[in-house]
Structures are given as C-alpha cells and as structure tokens.
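Chemist: This one is query_16.csv, CSV, C-alpha atoms.
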chain,number,residue,atom,x,y,z
A,1,MET,CA,168.7,66.2,119.0
A,2,ALA,CA,165.3,66.0,117.2
A,3,VAL,CA,163.0,68.9,117.5
A,4,ASP,CA,159.5,69.5,116.5
A,5,THR,CA,158.5,72.0,113.7
A,6,PRO,CA,158.8,75.6,114.9
A,7,GLY,CA,155.5,77.3,115.8
A,8,LEU,CA,155.1,79.4,112.6
A,9,THR,CA,151.5,80.1,113.2
A,10,GLU,CA,149.0,79.6,115.9
A,11,LYS,CA,147.7,76.6,114.0
A,12,ALA,CA,149.2,73.4,112.9
A,13,PRO,CA,147.8,70.8,110.4
A,14,VAL,CA,146.5,67.8,112.2
A,15,HIS,CA,148.3,64.9,110.5
A,16,MET,CA,151.5,63.0,110.8
A,17,SER,CA,153.7,65.5,109.1
A,18,PRO,CA,157.5,65.2,109.5
A,19,ARG,CA,159.5,67.0,112.1
A,20,PHE,CA,162.8,68.8,111.8
A,21,SER,CA,166.1,67.9,113.4
A,22,GLY,CA,168.9,70.0,114.9
A,23,PRO,CA,169.6,72.4,117.7
A,24,ASP,CA,168.4,75.5,115.9
A,25,LYS,CA,171.8,77.3,116.3
A,26,PHE,CA,171.6,78.8,112.8
A,27,MET,CA,168.2,80.4,113.4
A,28,LYS,CA,169.1,81.6,116.9
A,29,GLU,CA,172.1,83.5,115.4
A,30,LEU,CA,170.0,84.8,112.6
A,31,ARG,CA,167.5,86.2,115.1
A,32,ARG,CA,170.2,87.8,117.2
A,33,ARG,CA,171.7,89.6,114.2
A,34,VAL,CA,168.4,90.7,112.8
A,35,ASP,CA,167.5,92.1,116.3
A,36,GLU,CA,170.8,93.9,116.3
A,37,TYR,CA,170.0,95.4,112.9
A,38,PHE,CA,166.7,96.9,114.1
A,39,GLU,CA,168.3,98.1,117.4
A,40,LYS,CA,171.1,99.9,115.5
A,41,THR,CA,168.9,101.4,112.8
A,42,GLY,CA,165.9,102.2,115.0
A,43,ARG,CA,163.6,101.1,112.2
A,44,ARG,CA,160.2,99.5,112.9
A,45,ARG,CA,159.7,95.9,111.8
A,46,ARG,CA,156.0,96.7,111.0
A,47,ASP,CA,153.8,99.7,110.5
A,48,CYS,CA,156.3,101.2,108.1
A,49,PRO,CA,155.2,104.5,106.5
A,50,GLN,CA,156.4,103.4,103.0
A,51,MET,CA,154.1,100.3,103.3
A,52,TYR,CA,151.0,102.5,104.0
A,53,PHE,CA,151.9,104.7,101.0
A,54,LYS,CA,152.4,101.6,98.8
A,55,THR,CA,149.0,100.3,99.9
A,56,PHE,CA,147.3,103.6,98.9
A,57,THR,CA,149.2,103.6,95.6
A,58,ILE,CA,148.3,100.0,94.6
A,59,LEU,CA,144.6,100.3,95.7
A,60,ALA,CA,144.3,103.5,93.7
A,61,TRP,CA,145.9,101.7,90.7
A,62,PHE,CA,143.3,98.8,91.1
A,63,PHE,CA,140.2,101.0,91.5
A,64,GLY,CA,141.3,103.4,88.8
A,65,ALA,CA,141.6,100.6,86.3
A,66,TYR,CA,138.3,99.0,87.5
A,67,PHE,CA,136.2,102.2,87.4
A,68,SER,CA,137.7,103.2,84.0
A,69,LEU,CA,136.6,99.9,82.6
A,70,LEU,CA,133.2,100.2,84.2
A,71,PHE,CA,132.3,103.8,83.2
A,72,PHE,CA,134.7,105.5,80.9
A,73,VAL,CA,136.5,103.3,78.3
A,74,HIS,CA,134.7,101.9,75.3
A,75,SER,CA,137.4,101.2,72.7
A,76,PRO,CA,138.1,97.4,72.5
A,77,TRP,CA,141.8,98.0,72.4
A,78,LEU,CA,141.8,100.3,75.4
A,79,ILE,CA,139.6,97.8,77.2
A,80,ALA,CA,142.1,95.0,76.5
A,81,VAL,CA,145.0,97.2,77.8
A,82,LEU,CA,143.2,98.2,80.9
A,83,ALA,CA,142.2,94.6,81.6
A,84,VAL,CA,145.9,93.7,81.6
A,85,VAL,CA,146.6,96.7,83.9
A,86,LEU,CA,143.8,95.5,86.2
A,87,GLY,CA,145.3,92.0,86.3
A,88,LEU,CA,148.7,93.5,87.2
A,89,ALA,CA,147.1,95.5,90.0
A,90,LEU,CA,145.4,92.4,91.3
A,91,ALA,CA,148.8,90.7,91.4
A,92,GLY,CA,150.3,93.8,93.1
A,93,ILE,CA,147.6,93.6,95.9
A,94,GLY,CA,148.5,89.9,96.4
A,95,PHE,CA,152.3,90.4,96.4
A,96,ASN,CA,152.2,93.4,98.8
A,97,ILE,CA,149.1,94.2,100.8
A,98,GLN,CA,147.5,90.8,101.3
A,99,HIS,CA,150.8,89.0,101.7
A,100,ASP,CA,152.2,91.2,104.5
A,101,GLY,CA,148.8,91.3,106.2
A,102,GLY,CA,148.3,87.5,105.9
A,103,HIS,CA,151.7,86.9,107.5
A,104,LYS,CA,151.0,89.5,110.3
A,105,GLY,CA,154.0,91.4,109.0
A,106,TYR,CA,152.1,94.5,108.0
A,107,SER,CA,151.3,96.0,111.4
A,108,GLU,CA,151.7,95.5,115.1
A,109,TYR,CA,147.9,95.6,115.3
A,110,LYS,CA,145.9,92.4,114.8
A,111,ALA,CA,142.9,94.2,113.3
A,112,ILE,CA,145.1,96.0,110.6
A,113,ASN,CA,146.7,92.8,109.6
A,114,LYS,CA,143.3,91.2,109.3
A,115,ILE,CA,142.0,94.0,107.1
A,116,MET,CA,145.0,93.9,104.8
A,117,ALA,CA,144.8,90.1,104.6
A,118,MET,CA,141.2,90.4,103.6
A,119,THR,CA,142.2,92.2,100.4
A,120,LEU,CA,142.7,88.6,99.1
A,121,ASP,CA,138.9,88.2,99.5
A,122,LEU,CA,138.6,91.3,97.3
A,123,MET,CA,140.7,89.5,94.7
A,124,GLY,CA,138.4,86.5,94.7
A,125,GLY,CA,140.4,84.2,97.0
A,126,SER,CA,139.9,83.4,100.7
A,127,SER,CA,142.2,84.8,103.4
A,128,TYR,CA,141.1,82.0,105.7
A,129,LEU,CA,142.0,79.1,103.3
A,130,TRP,CA,145.2,80.9,102.2
A,131,ASP,CA,146.3,81.1,105.9
A,132,TRP,CA,146.1,77.3,106.1
A,133,LYS,CA,147.6,76.6,102.7
A,134,HIS,CA,150.4,79.1,102.7
A,135,ASN,CA,151.3,79.9,106.3
A,136,SER,CA,150.7,76.6,108.1
A,137,ILE,CA,151.6,74.2,105.3
A,138,HIS,CA,153.9,75.8,102.6
A,139,HIS,CA,156.0,77.9,105.0
A,140,THR,CA,156.6,74.8,107.2
A,141,TYR,CA,157.1,72.0,104.8
A,142,THR,CA,158.6,73.9,101.8
A,143,ASN,CA,159.3,71.7,98.7
A,144,ILE,CA,158.5,68.4,100.5
A,145,ALA,CA,156.4,66.4,98.0
A,146,GLY,CA,153.2,65.2,99.6
A,147,GLU,CA,153.3,67.9,102.2
A,148,ASP,CA,153.7,71.2,100.3
A,149,ASP,CA,150.6,71.8,98.3
A,150,ASP,CA,152.2,74.7,96.5
A,151,ILE,CA,154.4,72.4,94.4
A,152,ASP,CA,151.5,70.1,93.5
A,153,VAL,CA,149.8,71.0,90.2
A,154,GLY,CA,148.2,67.6,89.9
A,155,PHE,CA,148.9,65.2,87.0
A,156,LEU,CA,149.4,68.2,84.6
A,157,GLY,CA,152.9,68.9,85.8
A,158,ARG,CA,155.9,67.5,87.6
A,159,LEU,CA,157.7,70.0,89.8
A,160,SER,CA,159.5,67.7,92.2
A,161,PRO,CA,161.7,64.7,91.5
A,162,HIS,CA,159.6,62.8,94.0
A,163,GLN,CA,156.4,63.2,92.1
A,164,PRO,CA,155.2,60.7,89.4
A,165,ARG,CA,156.1,61.3,85.8
A,166,PHE,CA,153.7,60.9,82.9
A,167,TRP,CA,154.7,60.7,79.2
A,168,PHE,CA,153.3,64.2,78.4
A,169,HIS,CA,155.5,65.9,81.0
A,170,ARG,CA,158.2,65.9,78.4
A,171,MET,CA,156.3,68.9,77.0
A,172,GLN,CA,155.6,70.7,80.3
A,173,SER,CA,158.3,73.2,79.8
A,174,ILE,CA,156.2,74.5,76.9
A,175,TYR,CA,152.5,74.1,77.9
A,176,LEU,CA,152.7,74.9,81.7
A,177,TRP,CA,153.4,78.6,81.0
A,178,GLY,CA,150.0,78.9,79.4
A,179,LEU,CA,148.3,76.9,82.1
A,180,TYR,CA,149.7,79.2,84.8
A,181,GLY,CA,147.3,81.8,83.5
A,182,PHE,CA,144.3,79.7,84.6
A,183,LEU,CA,145.4,79.7,88.2
A,184,ALA,CA,143.3,82.7,89.2
A,185,ILE,CA,140.3,81.6,87.2
A,186,LYS,CA,140.4,78.1,88.8
A,187,TRP,CA,141.0,79.7,92.2
A,188,HIS,CA,138.0,82.0,91.8
A,189,LEU,CA,135.5,79.5,90.5
A,190,PHE,CA,136.5,76.2,92.0
A,191,ASP,CA,139.4,75.8,94.5
A,192,ASP,CA,138.0,77.6,97.5
A,193,PHE,CA,134.6,76.1,97.2
A,194,HIS,CA,136.1,72.6,96.8
A,195,GLN,CA,138.4,72.9,99.7
A,196,LEU,CA,135.7,74.3,101.9
A,197,ALA,CA,133.3,71.4,100.9
A,198,ILE,CA,135.8,68.6,101.6
A,199,ALA,CA,137.6,70.5,104.5
A,200,LYS,CA,141.0,69.5,103.1
A,201,ILE,CA,143.9,71.1,101.4
A,202,GLY,CA,145.7,68.4,99.5
A,203,ASP,CA,145.7,65.4,101.8
A,204,LYS,CA,145.5,67.5,105.0
A,205,LYS,CA,142.3,68.1,106.9
A,206,ILE,CA,141.5,71.6,107.9
A,207,PRO,CA,138.6,73.0,110.0
A,208,ARG,CA,135.9,74.7,108.1
A,209,PRO,CA,135.5,78.4,108.9
A,210,LYS,CA,133.0,79.5,111.5
A,211,GLY,CA,131.7,82.7,112.9
A,212,MET,CA,133.5,85.8,111.6
A,213,ASP,CA,135.8,83.7,109.4
A,214,LEU,CA,132.7,82.2,107.6
A,215,ALA,CA,131.2,85.7,107.3
A,216,VAL,CA,134.3,87.0,105.7
A,217,PHE,CA,134.4,84.0,103.3
A,218,ILE,CA,130.8,84.5,102.2
A,219,GLY,CA,131.0,88.3,102.2
A,220,GLY,CA,134.2,88.2,100.2
A,221,LYS,CA,132.7,85.9,97.5
A,222,VAL,CA,129.6,88.1,97.3
A,223,ILE,CA,131.7,91.3,96.8
A,224,PHE,CA,134.1,89.7,94.3
A,225,PHE,CA,131.4,88.2,92.1
A,226,SER,CA,129.4,91.4,92.3
A,227,MET,CA,132.4,93.5,91.2
A,228,ALA,CA,133.6,91.0,88.6
A,229,PHE,CA,130.3,90.0,87.0
A,230,VAL,CA,127.0,91.4,88.4
A,231,ILE,CA,127.7,95.1,88.4
A,232,PRO,CA,129.5,95.2,85.0
A,233,MET,CA,126.7,93.2,83.3
A,234,LEU,CA,124.3,95.9,84.3
A,235,LEU,CA,126.2,98.3,82.1
A,236,HIS,CA,127.9,96.2,79.5
A,237,PRO,CA,127.1,93.0,77.3
A,238,TRP,CA,127.7,89.8,79.1
A,239,TRP,CA,130.3,88.6,76.5
A,240,ALA,CA,132.3,91.8,77.0
A,241,VAL,CA,132.3,91.4,80.8
A,242,LEU,CA,133.4,87.8,80.6
A,243,SER,CA,136.1,88.6,78.1
A,244,THR,CA,137.5,91.4,80.3
A,245,TYR,CA,137.4,89.2,83.4
A,246,ALA,CA,139.2,86.4,81.6
A,247,LEU,CA,142.0,88.6,80.3
A,248,ALA,CA,142.5,90.3,83.7
A,249,ALA,CA,142.4,87.0,85.6
A,250,PHE,CA,144.7,85.3,83.1
A,251,THR,CA,147.2,88.2,83.5
A,252,SER,CA,147.2,88.0,87.3
A,253,GLY,CA,147.4,84.2,87.2
A,254,VAL,CA,150.5,84.2,84.9
A,255,VAL,CA,152.3,86.8,87.0
A,256,LEU,CA,151.4,85.2,90.4
A,257,SER,CA,152.3,81.7,89.3
A,258,ILE,CA,155.6,82.5,87.7
A,259,VAL,CA,156.9,84.7,90.6
A,260,PHE,CA,156.1,82.0,93.1
A,261,GLN,CA,157.6,79.3,91.0
A,262,LEU,CA,160.9,81.2,90.6
A,263,ALA,CA,161.5,80.9,94.4
A,264,HIS,CA,161.2,77.1,94.7
A,265,CYS,CA,161.0,75.3,91.4
A,266,VAL,CA,164.3,76.2,89.9
A,267,GLU,CA,167.7,74.7,89.6
A,268,GLY,CA,169.6,74.8,92.9
A,269,ALA,CA,166.5,74.5,95.1
A,270,GLU,CA,166.4,71.3,97.0
A,271,PHE,CA,163.5,68.8,97.4
A,272,PRO,CA,164.4,66.8,100.5
A,273,GLN,CA,162.3,63.8,101.5
A,274,PRO,CA,161.7,62.8,105.2
A,275,VAL,CA,163.4,59.8,106.6
A,276,GLU,CA,160.8,57.3,107.8
A,277,GLN,CA,161.0,56.3,111.5
A,278,GLY,CA,159.4,53.4,113.4
A,279,GLU,CA,155.7,52.5,113.1
A,280,GLY,CA,153.4,55.2,114.5
A,281,GLU,CA,156.3,57.8,114.6
A,282,ARG,CA,156.6,61.0,112.6
A,283,SER,CA,159.1,60.9,109.8
A,284,LYS,CA,162.1,63.2,110.1
A,285,ILE,CA,163.9,65.9,108.0
A,286,GLU,CA,167.6,65.7,108.6
A,287,THR,CA,168.1,69.4,109.0
A,288,GLU,CA,166.8,72.2,111.3
A,289,TRP,CA,163.8,74.1,110.0
A,290,ALA,CA,165.7,77.4,109.1
A,291,ILE,CA,168.4,75.6,107.1
A,292,HIS,CA,165.7,73.7,105.3
A,293,GLN,CA,164.1,77.0,104.3
A,294,VAL,CA,167.4,78.3,102.8
A,295,GLN,CA,168.1,75.0,101.0
A,296,THR,CA,164.7,74.9,99.4
A,297,THR,CA,164.5,78.6,98.3
A,298,VAL,CA,166.3,80.7,95.8
A,299,ASN,CA,166.3,84.5,95.5
A,300,PHE,CA,166.4,86.5,92.3
A,301,SER,CA,167.0,90.0,91.0
A,302,ARG,CA,168.0,91.4,94.4
A,303,ARG,CA,169.4,94.7,92.9
A,304,ASN,CA,166.3,95.7,91.0
A,305,PRO,CA,164.4,98.2,93.2
A,306,VAL,CA,161.5,98.6,90.8
A,307,LEU,CA,160.9,94.9,90.6
A,308,SER,CA,161.3,94.5,94.3
A,309,TRP,CA,158.7,97.2,94.8
A,310,PHE,CA,156.1,95.5,92.6
A,311,LEU,CA,156.8,92.0,93.9
A,312,GLY,CA,156.5,93.0,97.6
A,313,GLY,CA,160.0,91.6,98.3
A,314,LEU,CA,159.1,88.2,97.0
A,315,ASN,CA,162.4,88.1,95.0
A,316,PHE,CA,163.9,87.9,98.5
A,317,GLN,CA,162.1,84.7,99.3
A,318,ILE,CA,164.9,83.3,101.6
A,319,GLU,CA,164.5,86.3,103.9
A,320,HIS,CA,160.7,86.1,103.7
A,321,HIS,CA,160.6,82.4,104.7
A,322,LEU,CA,162.9,83.1,107.6
A,323,PHE,CA,161.3,86.3,108.8
A,324,HIS,CA,157.8,86.4,107.4
A,325,LYS,CA,156.4,88.5,110.3
A,326,ILE,CA,158.7,91.4,109.3
A,327,SER,CA,157.5,93.8,106.7
A,328,HIS,CA,159.0,93.1,103.2
A,329,VAL,CA,160.4,96.6,102.9
A,330,HIS,CA,163.3,95.4,105.1
A,331,TYR,CA,164.2,92.4,103.0
A,332,PRO,CA,166.9,94.0,100.9
A,333,ALA,CA,168.8,95.1,104.0
A,334,LEU,CA,168.2,91.8,105.8
A,335,SER,CA,169.4,89.8,102.8
A,336,LYS,CA,173.0,91.0,103.6
A,337,VAL,CA,172.7,89.8,107.1
A,338,VAL,CA,171.3,86.4,106.1
A,339,GLU,CA,173.8,85.9,103.3
A,340,ALA,CA,176.7,86.6,105.7
A,341,THR,CA,175.3,84.3,108.3
A,342,CYS,CA,174.8,81.5,105.8
A,343,LEU,CA,178.5,81.8,104.7
A,344,GLU,CA,179.7,81.5,108.3
A,345,PHE,CA,177.5,78.4,108.9
A,346,GLY,CA,178.3,76.7,105.6
A,347,VAL,CA,174.8,77.0,104.3
A,348,LYS,CA,174.6,77.7,100.6
A,349,TYR,CA,172.7,80.9,99.8
A,350,ARG,CA,171.4,80.8,96.3
A,351,SER,CA,170.3,83.8,94.1
A,352,HIS,CA,169.7,84.4,90.4
A,353,ARG,CA,171.1,87.7,89.3
A,354,THR,CA,168.1,88.8,87.2
A,355,PHE,CA,164.4,88.0,86.8
A,356,PHE,CA,165.0,86.5,83.4
A,357,SER,CA,167.9,84.3,84.5
A,358,ALA,CA,165.4,82.9,87.1
A,359,VAL,CA,162.8,82.4,84.4
A,360,ARG,CA,165.3,80.5,82.3
A,361,SER,CA,166.2,78.4,85.3
A,362,HIS,CA,162.6,77.5,85.9
A,363,TYR,CA,162.3,76.5,82.2
A,364,ARG,CA,165.3,74.2,82.5
A,365,TRP,CA,163.9,72.7,85.7
A,366,LEU,CA,160.6,72.0,84.0
A,367,LYS,CA,162.4,70.4,81.2
A,368,GLU,CA,164.6,68.3,83.5
A,369,MET,CA,161.5,67.1,85.5
A,370,GLY,CA,159.8,66.2,82.3
A,371,ARG,CA,162.6,63.8,81.2
A,372,PRO,CA,162.1,60.0,81.7
A,373,VAL,CA,163.2,58.9,85.2
A,374,GLN,CA,166.4,56.8,85.0
A,375,ALA,CA,166.1,53.4,86.6
A,376,ALA,CA,168.4,52.9,89.6
A,377,GLY,CA,171.4,50.5,89.1
What's the structure tokens form of this structure?

Modeler:
Amino acid sequence: MAVDTPGLTEKAPVHMSPRFSGPDKFMKELRRRVDEYFEKTGRRRRDCPQMYFKTFTILAWFFGAYFSLLFFVHSPWLIAVLAVVLGLALAGIGFNIQHDGGHKGYSEYKAINKIMAMTLDLMGGSSYLWDWKHNSIHHTYTNIAGEDDDIDVGFLGRLSPHQPRFWFHRMQSIYLWGLYGFLAIKWHLFDDFHQLAIAKIGDKKIPRPKGMDLAVFIGGKVIFFSMAFVIPMLLHPWWAVLSTYALAAFTSGVVLSIVFQLAHCVEGAEFPQPVEQGEGERSKIETEWAIHQVQTTVNFSRRNPVLSWFLGGLNFQIEHHLFHKISHVHYPALSKVVEATCLEFGVKYRSHRTFFSAVRSHYRWLKEMGRPVQAAG
C-alpha cells in the first residue's frame, strides 16, 4: 500500500516530491519500544536538566571567547587560538542548542524551543530558512538527489551517484576539505539573502518570512553583523577584525560540514532514486519512510561520550532522523533499542566505530564519486 510522506513538520514543500511506500510497521514498532523505554525509566523526552546545563556551558564558552577577543587579548598568536576556540563554540551552539530547539526537541514549551532555535540567528544563519531546508526537506527526502539540498554542493562536488560528474571531480577528495571551511562564510554573506530573494531552496519554492519570522530574520542579521564586524571595528583595525572573523568562521564551517557529511555521504549510506509513475502522479520511493532514514544514514563513534557531548548526539544520526523531537541526550540509550529493532526487521543498521574511521569512509566516498562513470552495458 502506498502512503504519503509522514508529517514531520507542520509544513510541507509545495512541489511534486516523491511519496514513500509501505505499511509503516517498522516505525510503529519503534515508537512502541521507545515509548516503553520512557515509561520504564521515567525520564523526560524534553526539558532535560543536563541539556539546560549544557546550554549554559556552551554559551559561556562562546561569550567568554568573544569578549576575550574584544577586550583582553592582544597577542596575534593568542588571537588566532581564541578565534579557533570561538569557531568551535559556534559549531557547539549549532550542534546542540539550535539543533534541538529547531527540531522542537529541546522543550515541551513552544517559546523555549523558538528561543533556542534562534541561537542560529546569533551564529549568522536564519532559523526560519533552516527550518525549511533541514526539517521539511532534508529530514523527509534524505539522500535523494534533486530533493535533498544538503547533498547538493553545486558543480564543485559530486556527493551522490545520481549527480553529474565533471572531470575535476577526480580531485574532490582533496580540495573539498578546504572548501568545507567556506560553508559558514558563504552562509553568512550570501545563502540566506539569496534564498530569501528568490523564495526557493534548491528547486523548491518556499514562502518568504512574514511578521515575527521576518522580524527575527532582520534582527538576527543586525545582531550578527554588529557582533562580527561593527562593534569589533570600533576597537580594533578592520584587517584584524576581518582576519579573526575569517578564521573563526572557517573553523566552524569545517567542523559543521564534516560532521554532517559523515552521516550521509559515506560508504554504506544509500542514495535511492524515486520510481516514476504515470503522468501527473508523484514518483514513489519503494520503502517506508523510517526504513529509508536508516538506509540513508550511518552512525559513528557511538562509544565516545566526550565527542557525543560536543556533537549534540549527531554521531547518532539514525536515532536523530527517526526521533528528532526527542532531546539528543537520550540517543545513546535509544540506539540500542533502534539497533535491536532493525535486526529483527532485517534492516541494516550501519555505524563506524570511530570518528576517524568515518572520516576515512567519507574520503573514500568522495574518491569513488570522483571517478569516471562507467557506461552501462
């Protein structure tokens, strides 16, 4: 029986995107077992004390580095070190506070989730556009070329076997690592403004923000550019401010890009293509949505609590894609439930043992995608 895409958010992109097939038995059983876990343990799905403490810790890390650069540190070497520290703090905000808030997995209260999601605007992004790009599109159509904008880096790289290959992609396993660092800079200075102007993310139309959403977008940009450039330039030479910004943004860009690539653009992750139907009908994915999420996602370094803390559980991307409205502090425990259920249903659960084994797998995937495409027959 064919079913429509599950309602992952209150919104859905208005276009002829594919639908998923299947009776959803796998997801129903997963939900039952996860509900049973919370009933037995008595733990809260959201509003977890450790998450509030983590938020305080990461924001203190960010503002400590920022004000130290602004007022106290003058040595070029210490400035460079603190710029990297600031970049890591920015990534930490994205991985943890913004991510849980943006997915409504931080709190039971809508206002708290909104405030936490708005820390992305503090980082120079847009919580409104992120909600469309990440929640409505990526989390629904994961790894589907032409649908998932997260695997589209334009002509500069080939991340899916269903994307066009150019001759210079044979070197992408070398040069893309450096280009990852420009993600945040491009995001700050171009992407949000471009997407707002054309009202599209990739090929998908989105509504422009209005009312409070527009106020948050404009206010966020004013605060970010003031903190990043205007205020520092009142106290320091312009070239020093731009250099510090570039190093901090490059650091956060590299870290954010690599971590997200390790979940989907590695060996073992699948890149299914929809089956075309009759004229005027939506194309179809031959699996149910939940199985699709497991097939297109790979975990890594599940036994490293320090890395899990910094990454906000994004090394447990399978659990995150299945239960994104549950706080990430539960992912290590839920991964045992999900893995056991996958085994029973014959769904392959993939995980790299360490962070560096996942990095090597991403390198090999980039190399494989850069090779010439073999002609059929």

Chemist: When distances are computed from only C-alpha atoms, which of A:Phe168, A:Tyr180, A:Tyr245, A:Phe95 shows the smallest separation from Ala80 of chain A?

Modeler: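 That would be A:Tyr245, the residue with the smallest distance to Ala80 of chain A.
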
Chemist: Measuring atom to atom with all atoms listed in the file, identify which of A:Ile326, A:Pro164, A:Phe26, A:Ser21 is nearest to Gly346 of chain A.

Modeler: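 Nearest candidate to Gly346 of chain A out of A:Ile326, A:Pro164, A:Phe26, A:Ser21: A:Phe26.
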
Chemist: Got a sec: who's within 12 Å of Lys221 of chain A, counting all atoms listed in the file, leaving out chain neighbours fewer than 4 positions off, as a PDB file with C-alpha atoms, in the frame of the given file?

Modeler:
ATOM      1  CA  MET A 118     141.200  90.400 103.600  1.00  0.00           C
ATOM      2  CA  THR A 119     142.200  92.200 100.400  1.00  0.00           C
ATOM      3  CA  LEU A 120     142.700  88.600  99.100  1.00  0.00           C
ATOM      4  CA  ASP A 121     138.900  88.200  99.500  1.00  0.00           C
ATOM      5  CA  LEU A 122     138.600  91.300  97.300  1.00  0.00           C
ATOM      6  CA  MET A 123     140.700  89.500  94.700  1.00  0.00           C
ATOM      7  CA  GLY A 124     138.400  86.500  94.700  1.00  0.00           C
ATOM      8  CA  GLY A 125     140.400  84.200  97.000  1.00  0.00           C
ATOM      9  CA  SER A 126     139.900  83.400 100.700  1.00  0.00           C
ATOM     10  CA  SER A 127     142.200  84.800 103.400  1.00  0.00           C
ATOM     11  CA  TRP A 187     141.000  79.700  92.200  1.00  0.00           C
ATOM     12  CA  HIS A 188     138.000  82.000  91.800  1.00  0.00           C
ATOM     13  CA  LEU A 189     135.500  79.500  90.500  1.00  0.00           C
ATOM     14  CA  PHE A 190     136.500  76.200  92.000  1.00  0.00           C
ATOM     15  CA  ASP A 192     138.000  77.600  97.500  1.00  0.00           C
ATOM     16  CA  PHE A 193     134.600  76.100  97.200  1.00  0.00           C
ATOM     17  CA  LEU A 214     132.700  82.200 107.600  1.00  0.00           C
ATOM     18  CA  ALA A 215     131.200  85.700 107.300  1.00  0.00           C
ATOM     19  CA  VAL A 216     134.300  87.000 105.700  1.00  0.00           C
ATOM     20  CA  PHE A 217     134.400  84.000 103.300  1.00  0.00           C
ATOM     21  CA  PHE A 225     131.400  88.200  92.100  1.00  0.00           C
ATOM     22  CA  SER A 226     129.400  91.400  92.300  1.00  0.00           C
ATOM     23  CA  MET A 227     132.400  93.500  91.200  1.00  0.00           C
ATOM     24  CA  ALA A 228     133.600  91.000  88.600  1.00  0.00           C
ATOM     25  CA  PHE A 229     130.300  90.000  87.000  1.00  0.00           C
TER      26      PHE A 229
END

Chemist: Which residue out of A:Phe67, A:Phe316, A:Trp365, A:Phe166 has the minimum interatomic distance to His352 of chain A when all atoms listed in the file are used?

Modeler: A:Phe316

Chemist: Report, in Å to a single decimal, how far apart atom CA of Val255 of chain A and atom CA of Leu196 of chain A are.

Modeler: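 About the pair atom CA of Leu196 of chain A and atom CA of Val255 of chain A: they are 25.6 Å apart.
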
Chemist: Which residues come within 10 Å of Trp61 of chain A, counting only C-alpha atoms, excluding same-chain residues fewer than 5 positions away, as a VMD selection string?

Modeler: chain A and resid 55 to 56 66 85 to 86 88 to 90 92 to 93

Chemist: With C-alpha atoms retained, could you export that selection as an mmCIF file, in the frame of the given file?

Modeler:
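Saved result, result.cif, follows:
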data_model
loop_
_atom_site.group_PDB
_atom_site.id
_atom_site.type_symbol
_atom_site.label_atom_id
_atom_site.label_comp_id
_atom_site.auth_asym_id
_atom_site.auth_seq_id
_atom_site.Cartn_x
_atom_site.Cartn_y
_atom_site.Cartn_z
ATOM 1 C CA THR A 55 149.000 100.300 99.900
ATOM 2 C CA PHE A 56 147.300 103.600 98.900
ATOM 3 C CA TYR A 66 138.300 99.000 87.500
ATOM 4 C CA VAL A 85 146.600 96.700 83.900
ATOM 5 C CA LEU A 86 143.800 95.500 86.200
ATOM 6 C CA LEU A 88 148.700 93.500 87.200
ATOM 7 C CA ALA A 89 147.100 95.500 90.000
ATOM 8 C CA LEU A 90 145.400 92.400 91.300
ATOM 9 C CA GLY A 92 150.300 93.800 93.100
ATOM 10 C CA ILE A 93 147.600 93.600 95.900
#

Chemist: Pick from A:Ala246, A:Ile223, A:Ala290, A:Val34: nearest to Phe345 of chain A, with all atoms listed in the file counted?

Modeler: A:Ala290

Chemist: Tell me, as a PyMOL selection string, which residues lie within 12 Å of Val81 of chain A, counting all atoms listed in the file; anything in the same chain fewer than 5 positions away does not count.

Modeler: chain A and resi 65-66+68-69+73-76+86-88+244+247-248+251

Chemist: For Arg371 of chain A, which residue among A:Trp77, A:Phe182, A:Tyr141, A:Trp167 is the nearest when counting all atoms listed in the file?

Modeler: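 Among A:Trp77, A:Phe182, A:Tyr141, A:Trp167, it is A:Trp167 that comes nearest to Arg371 of chain A.
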
Chemist: Could you tell me how far atom CA of Gly157 of chain A sits from atom CA of Asp203 of chain A, in Å to one decimal place?

Modeler: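 Pair atom CA of Asp203 of chain A / atom CA of Gly157 of chain A returns 17.9 Å.
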
Chemist: From the options A:Leu311, A:Val329, A:Ile231, A:Met171, which residue's atoms come nearest to Arg44 of chain A, counting all atoms listed in the file?

Modeler: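 Ranking A:Leu311, A:Val329, A:Ile231, A:Met171 by distance to Arg44 of chain A, first place goes to A:Val329.
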
Chemist: Between atom CA of Leu70 of chain A and atom CA of Pro232 of chain A, what is the spacing in Å?

Modeler: 6.3 Å

Chemist: Hey, what's within 10 Å of Phe323 of chain A if we count all atoms listed in the file and toss same-chain stuff fewer than 4 positions away? As a list in words, please?

Modeler: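 Here the qualifying residues turn out to be Leu30, Arg31, Val34, His103, Gly105, Ala290, Gln317, Ile318, Glu319, Ser327, His328, Tyr331 and Leu334 of chain A.
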
Chemist: List the spatial neighbours of Ser301 of chain A as a ChimeraX atom specification - criterion: any atom at most 10 Å away, all atoms listed in the file, same-chain residues fewer than 2 positions off excluded.

Modeler: /A:299,303-305,307-308,315-316,351-358
